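Novice: Mind having a look at this structure? Questions to follow.
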Amino acid sequence: MLKITVACVGKVKESWMRAGIAEYEKRLGRYCKLTTQQVADEKTPDGASPAEETAIKEKEGQRLLSVIPDRAFVIALAIDGRRFDSPAFAAEIEKISTAGCSQLVFVIGGSLGLSDPVLRRADMKISFSDMTFPHQLMRIILLEQIYRGFRILNGEPYHK
């Protein structure tokens with residue numbers, strides 16, 4: 001069974017988001033071994049300089065890199081990444097898993113995004129939109145798309 005880890009920055013504070021994440025984690029249990037690795041976020045002061053923002057991303061990035069297994073296939077969520085429709089995303093997950101990869105890690109950065117070292121570690125970058133989403137909400141969107149992908153791969157119905 002494919003092991004999927006969601007490595008992400010920061011805690012989810014809103015109860016409705018935690019409930020949504022828990023629901024998709026439960027649903028995914030029949031398709032993969034899902035884990036979440038949350039790392040601490042850094043406080044970003046109002047009016048932070050570009051240098052301060054880079055330093056914050058670097059600290060968060062070091063924490064993310066520390067939870068990514070060496071042999072894992074890493075997919076970073078980045079605005080400049082590849083775009084997929086849901087069937088193509090499902091096919092990509094299948095391609096990765098049938099290529100001998102047993103550990104897939106999706107990485108979601110904090111409010112400032114991902115550091116350059118994390119992006120360099122990634123085997124692939126994907127984007128869900130040109131829009132910016134709160135990183136906590138992105139966890140729900142990602143889990144839903146992974147779930148949808150497994151439903152597609154198994155020929156099971158899912159709403160369109």
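Numbering starts fresh at 1 for the residues of each chain in the structure tokens, the chains themselves are lettered A, B, ... in the order given, and ligands are numbered from 1 as they appear.
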Would you mind listing what lies within 12 Å of Leu112 (chain A) as an MDAnalysis selection string, with only C-alpha atoms counted and same-chain residues fewer than 2 positions away left out?
Specialist: chainID A and resid 9:10 41:45 48 50 52:61 78:79 108:110 114:116 132:135
Novice: Please provide the set of residues having any atom within 12 Å of Lys125 (chain A), restricted to only C-alpha atoms, with same-chain residues fewer than 6 positions apart removed, written as a list in words.
Specialist: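 Near Lys125 (chain A), the qualifying residues are Phe73, Val74, Ile75, Ala76, Leu77, Ala78, Ile79, Asp80, Gly81, Arg82, Arg83, Phe84, Val105, Phe106, Val107, Ile108, Leu114, Val118 and Leu119 of chain A.
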Novice: Convert the current residue selection to file output with N, CA and C atoms, as a PDB file, in the first residue's frame.
Specialist:
ATOM      1  N   PHE A  73       9.430  10.216  -2.896  1.00  0.00           N
ATOM      2  CA  PHE A  73       9.151  11.059  -4.057  1.00  0.00           C
ATOM      3  C   PHE A  73       8.419  12.273  -3.508  1.00  0.00           C
ATOM      4  N   VAL A  74       8.965  13.455  -3.755  1.00  0.00           N
ATOM      5  CA  VAL A  74       8.448  14.681  -3.138  1.00  0.00           C
ATOM      6  C   VAL A  74       7.742  15.548  -4.175  1.00  0.00           C
ATOM      7  N   ILE A  75       6.521  15.931  -3.834  1.00  0.00           N
ATOM      8  CA  ILE A  75       5.736  16.833  -4.669  1.00  0.00           C
ATOM      9  C   ILE A  75       5.465  18.094  -3.855  1.00  0.00           C
ATOM     10  N   ALA A  76       6.018  19.209  -4.326  1.00  0.00           N
ATOM     11  CA  ALA A  76       5.824  20.496  -3.645  1.00  0.00           C
ATOM     12  C   ALA A  76       4.638  21.213  -4.277  1.00  0.00           C
ATOM     13  N   LEU A  77       3.791  21.777  -3.436  1.00  0.00           N
ATOM     14  CA  LEU A  77       2.702  22.608  -3.933  1.00  0.00           C
ATOM     15  C   LEU A  77       3.252  24.014  -4.113  1.00  0.00           C
ATOM     16  N   ALA A  78       3.285  24.456  -5.360  1.00  0.00           N
ATOM     17  CA  ALA A  78       3.884  25.748  -5.692  1.00  0.00           C
ATOM     18  C   ALA A  78       3.090  26.375  -6.828  1.00  0.00           C
ATOM     19  N   ILE A  79       2.907  27.661  -6.765  1.00  0.00           N
ATOM     20  CA  ILE A  79       2.082  28.359  -7.749  1.00  0.00           C
ATOM     21  C   ILE A  79       2.607  28.203  -9.175  1.00  0.00           C
ATOM     22  N   ASP A  80       3.916  27.986  -9.325  1.00  0.00           N
ATOM     23  CA  ASP A  80       4.483  27.824 -10.671  1.00  0.00           C
ATOM     24  C   ASP A  80       4.633  26.355 -11.080  1.00  0.00           C
ATOM     25  N   GLY A  81       3.949  25.464 -10.362  1.00  0.00           N
ATOM     26  CA  GLY A  81       4.038  24.043 -10.674  1.00  0.00           C
ATOM     27  C   GLY A  81       3.148  23.626 -11.826  1.00  0.00           C
ATOM     28  N   ARG A  82       3.260  22.336 -12.182  1.00  0.00           N
ATOM     29  CA  ARG A  82       2.423  21.758 -13.237  1.00  0.00           C
ATOM     30  C   ARG A  82       0.978  21.715 -12.798  1.00  0.00           C
ATOM     31  N   ARG A  83       0.107  21.839 -13.758  1.00  0.00           N
ATOM     32  CA  ARG A  83      -1.330  21.770 -13.492  1.00  0.00           C
ATOM     33  C   ARG A  83      -1.890  20.466 -14.049  1.00  0.00           C
ATOM     34  N   PHE A  84      -2.824  19.911 -13.334  1.00  0.00           N
ATOM     35  CA  PHE A  84      -3.476  18.672 -13.735  1.00  0.00           C
ATOM     36  C   PHE A  84      -4.980  18.830 -13.578  1.00  0.00           C
ATOM     37  N   VAL A 105       5.507  12.130  -0.740  1.00  0.00           N
ATOM     38  CA  VAL A 105       5.359  13.241   0.214  1.00  0.00           C
ATOM     39  C   VAL A 105       4.898  14.484  -0.531  1.00  0.00           C
ATOM     40  N   PHE A 106       3.768  15.022  -0.099  1.00  0.00           N
ATOM     41  CA  PHE A 106       3.289  16.302  -0.597  1.00  0.00           C
ATOM     42  C   PHE A 106       3.712  17.360   0.411  1.00  0.00           C
ATOM     43  N   VAL A 107       4.267  18.468  -0.074  1.00  0.00           N
ATOM     44  CA  VAL A 107       4.764  19.515   0.822  1.00  0.00           C
ATOM     45  C   VAL A 107       3.966  20.796   0.609  1.00  0.00           C
ATOM     46  N   ILE A 108       3.415  21.305   1.716  1.00  0.00           N
ATOM     47  CA  ILE A 108       2.669  22.558   1.696  1.00  0.00           C
ATOM     48  C   ILE A 108       3.421  23.546   2.588  1.00  0.00           C
ATOM     49  N   LEU A 114       7.313  28.171   0.031  1.00  0.00           N
ATOM     50  CA  LEU A 114       8.388  27.218   0.316  1.00  0.00           C
ATOM     51  C   LEU A 114       9.755  27.826   0.042  1.00  0.00           C
ATOM     52  N   VAL A 118      13.748  23.510  -0.237  1.00  0.00           N
ATOM     53  CA  VAL A 118      12.617  22.571  -0.310  1.00  0.00           C
ATOM     54  C   VAL A 118      12.204  22.383  -1.765  1.00  0.00           C
ATOM     55  N   LEU A 119      12.129  23.474  -2.506  1.00  0.00           N
ATOM     56  CA  LEU A 119      11.754  23.375  -3.920  1.00  0.00           C
ATOM     57  C   LEU A 119      12.781  22.572  -4.710  1.00  0.00           C
TER      58      LEU A 119
END
Novice: Find the residues near Ile68 (chain A): any atom within 12 Å, counting only C-alpha atoms, skip ones fewer than 2 places away on the same chain, and give them as an MDAnalysis selection string.
Specialist: chainID A and resid 4:8 35:39 61:66 70:76 103:107 118 121:122
Novice: Can you write just those residues out, C-alpha atoms, as an mmCIF file, in the first residue's frame?
Specialist:
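result33.cif, written as the output of this step:
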data_model
loop_
_atom_site.group_PDB
_atom_site.id
_atom_site.type_symbol
_atom_site.label_atom_id
_atom_site.label_comp_id
_atom_site.auth_asym_id
_atom_site.auth_seq_id
_atom_site.Cartn_x
_atom_site.Cartn_y
_atom_site.Cartn_z
ATOM 1 C CA ILE A 4 1.494 9.211 1.519
ATOM 2 C CA THR A 5 2.706 11.945 3.829
ATOM 3 C CA VAL A 6 1.489 15.509 3.879
ATOM 4 C CA ALA A 7 4.340 17.642 5.236
ATOM 5 C CA CYS A 8 3.009 21.053 6.137
ATOM 6 C CA THR A 35 0.340 10.461 7.691
ATOM 7 C CA THR A 36 0.707 14.158 8.374
ATOM 8 C CA GLN A 37 3.928 15.820 9.476
ATOM 9 C CA GLN A 38 3.182 19.294 10.831
ATOM 10 C CA VAL A 39 6.113 21.561 11.523
ATOM 11 C CA GLY A 61 12.021 24.864 5.107
ATOM 12 C CA GLN A 62 14.662 23.285 7.358
ATOM 13 C CA ARG A 63 11.881 21.883 9.514
ATOM 14 C CA LEU A 64 10.073 20.495 6.456
ATOM 15 C CA LEU A 65 13.227 18.900 5.059
ATOM 16 C CA SER A 66 13.846 17.205 8.411
ATOM 17 C CA ASP A 70 15.489 10.333 1.888
ATOM 18 C CA ARG A 71 13.938 7.908 -0.609
ATOM 19 C CA ALA A 72 10.545 9.600 -0.854
ATOM 20 C CA PHE A 73 9.151 11.059 -4.057
ATOM 21 C CA VAL A 74 8.448 14.681 -3.138
ATOM 22 C CA ILE A 75 5.736 16.833 -4.669
ATOM 23 C CA ALA A 76 5.824 20.496 -3.645
ATOM 24 C CA GLN A 103 6.593 6.788 -0.203
ATOM 25 C CA LEU A 104 5.033 9.933 -1.651
ATOM 26 C CA VAL A 105 5.359 13.241 0.214
ATOM 27 C CA PHE A 106 3.289 16.302 -0.597
ATOM 28 C CA VAL A 107 4.764 19.515 0.822
ATOM 29 C CA VAL A 118 12.617 22.571 -0.310
ATOM 30 C CA ARG A 121 14.393 18.718 -3.031
ATOM 31 C CA ALA A 122 11.064 18.297 -4.798
#
Novice: Have a look at A:Glu14, A:Asp130, A:Asp123, A:Glu92 and name the one nearest to Ile146 (chain A); count only C-alpha atoms.
Specialist: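 Checking each of A:Glu14, A:Asp130, A:Asp123, A:Glu92 against Ile146 (chain A), counting only C-alpha atoms, the winner is A:Glu92.
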Novice: Please list as a compact mmCIF listing (two decimals) with N, CA and C atoms, in the first residue's frame every residue within 12 Å of Gly155 (chain A), counting only C-alpha atoms and excluding residues in the same chain fewer than 6 positions away.
Specialist:
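For reference, part.txt as written:
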# COMPACT_ATOMS: atom_id res chain seq x y z
N PRO A 87 -8.44 13.55 -13.43
CA PRO A 87 -7.98 12.26 -13.98
C PRO A 87 -6.47 12.22 -14.23
N ALA A 90 -4.74 11.77 -10.91
CA ALA A 90 -4.85 10.37 -10.50
C ALA A 90 -3.83 9.51 -11.26
N ARG A 148 -10.14 11.83 -4.47
CA ARG A 148 -10.79 11.77 -5.78
C ARG A 148 -9.93 10.94 -6.74
N GLY A 149 -8.62 11.13 -6.68
CA GLY A 149 -7.72 10.38 -7.54
C GLY A 149 -7.81 8.89 -7.32
Novice: Per DSSP on the backbone, what are the strand (DSSP E or B) residues of chain A, as an MDAnalysis selection string?
Specialist: chainID A and resid 3:9 33:39 73:82 103:108 110 113 124:126
Novice: Among the residues of chain A, find those DSSP assigns to helix (DSSP H, G or I) from the backbone and print them as JSON, numbers by chain.
Specialist: {"A": [15, 16, 17, 18, 19, 20, 21, 22, 23, 24, 25, 26, 27, 28, 50, 51, 52, 53, 54, 55, 56, 57, 58, 59, 60, 61, 62, 63, 64, 65, 66, 86, 87, 88, 89, 90, 91, 92, 93, 94, 95, 96, 97, 98, 116, 117, 118, 119, 120, 121, 135, 136, 137, 138, 139, 140, 141, 142, 143, 144, 145, 146, 147, 148, 149, 150, 151, 152, 153]}
Novice: Nearest to Ser127 (chain A): which of A:Phe89, A:Trp16, A:Tyr31, A:Tyr24 is it, counting only C-alpha atoms?
Specialist: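 Between A:Phe89, A:Trp16, A:Tyr31, A:Tyr24, the residue approaching Ser127 (chain A) most closely is A:Phe89.
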Novice: For CA of Lys13 (chain A) and CA of Ile141 (chain A), quote the distance in Å rounded to one decimal.
Specialist: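 Separation of CA of Lys13 (chain A) and CA of Ile141 (chain A): 16.3 Å.
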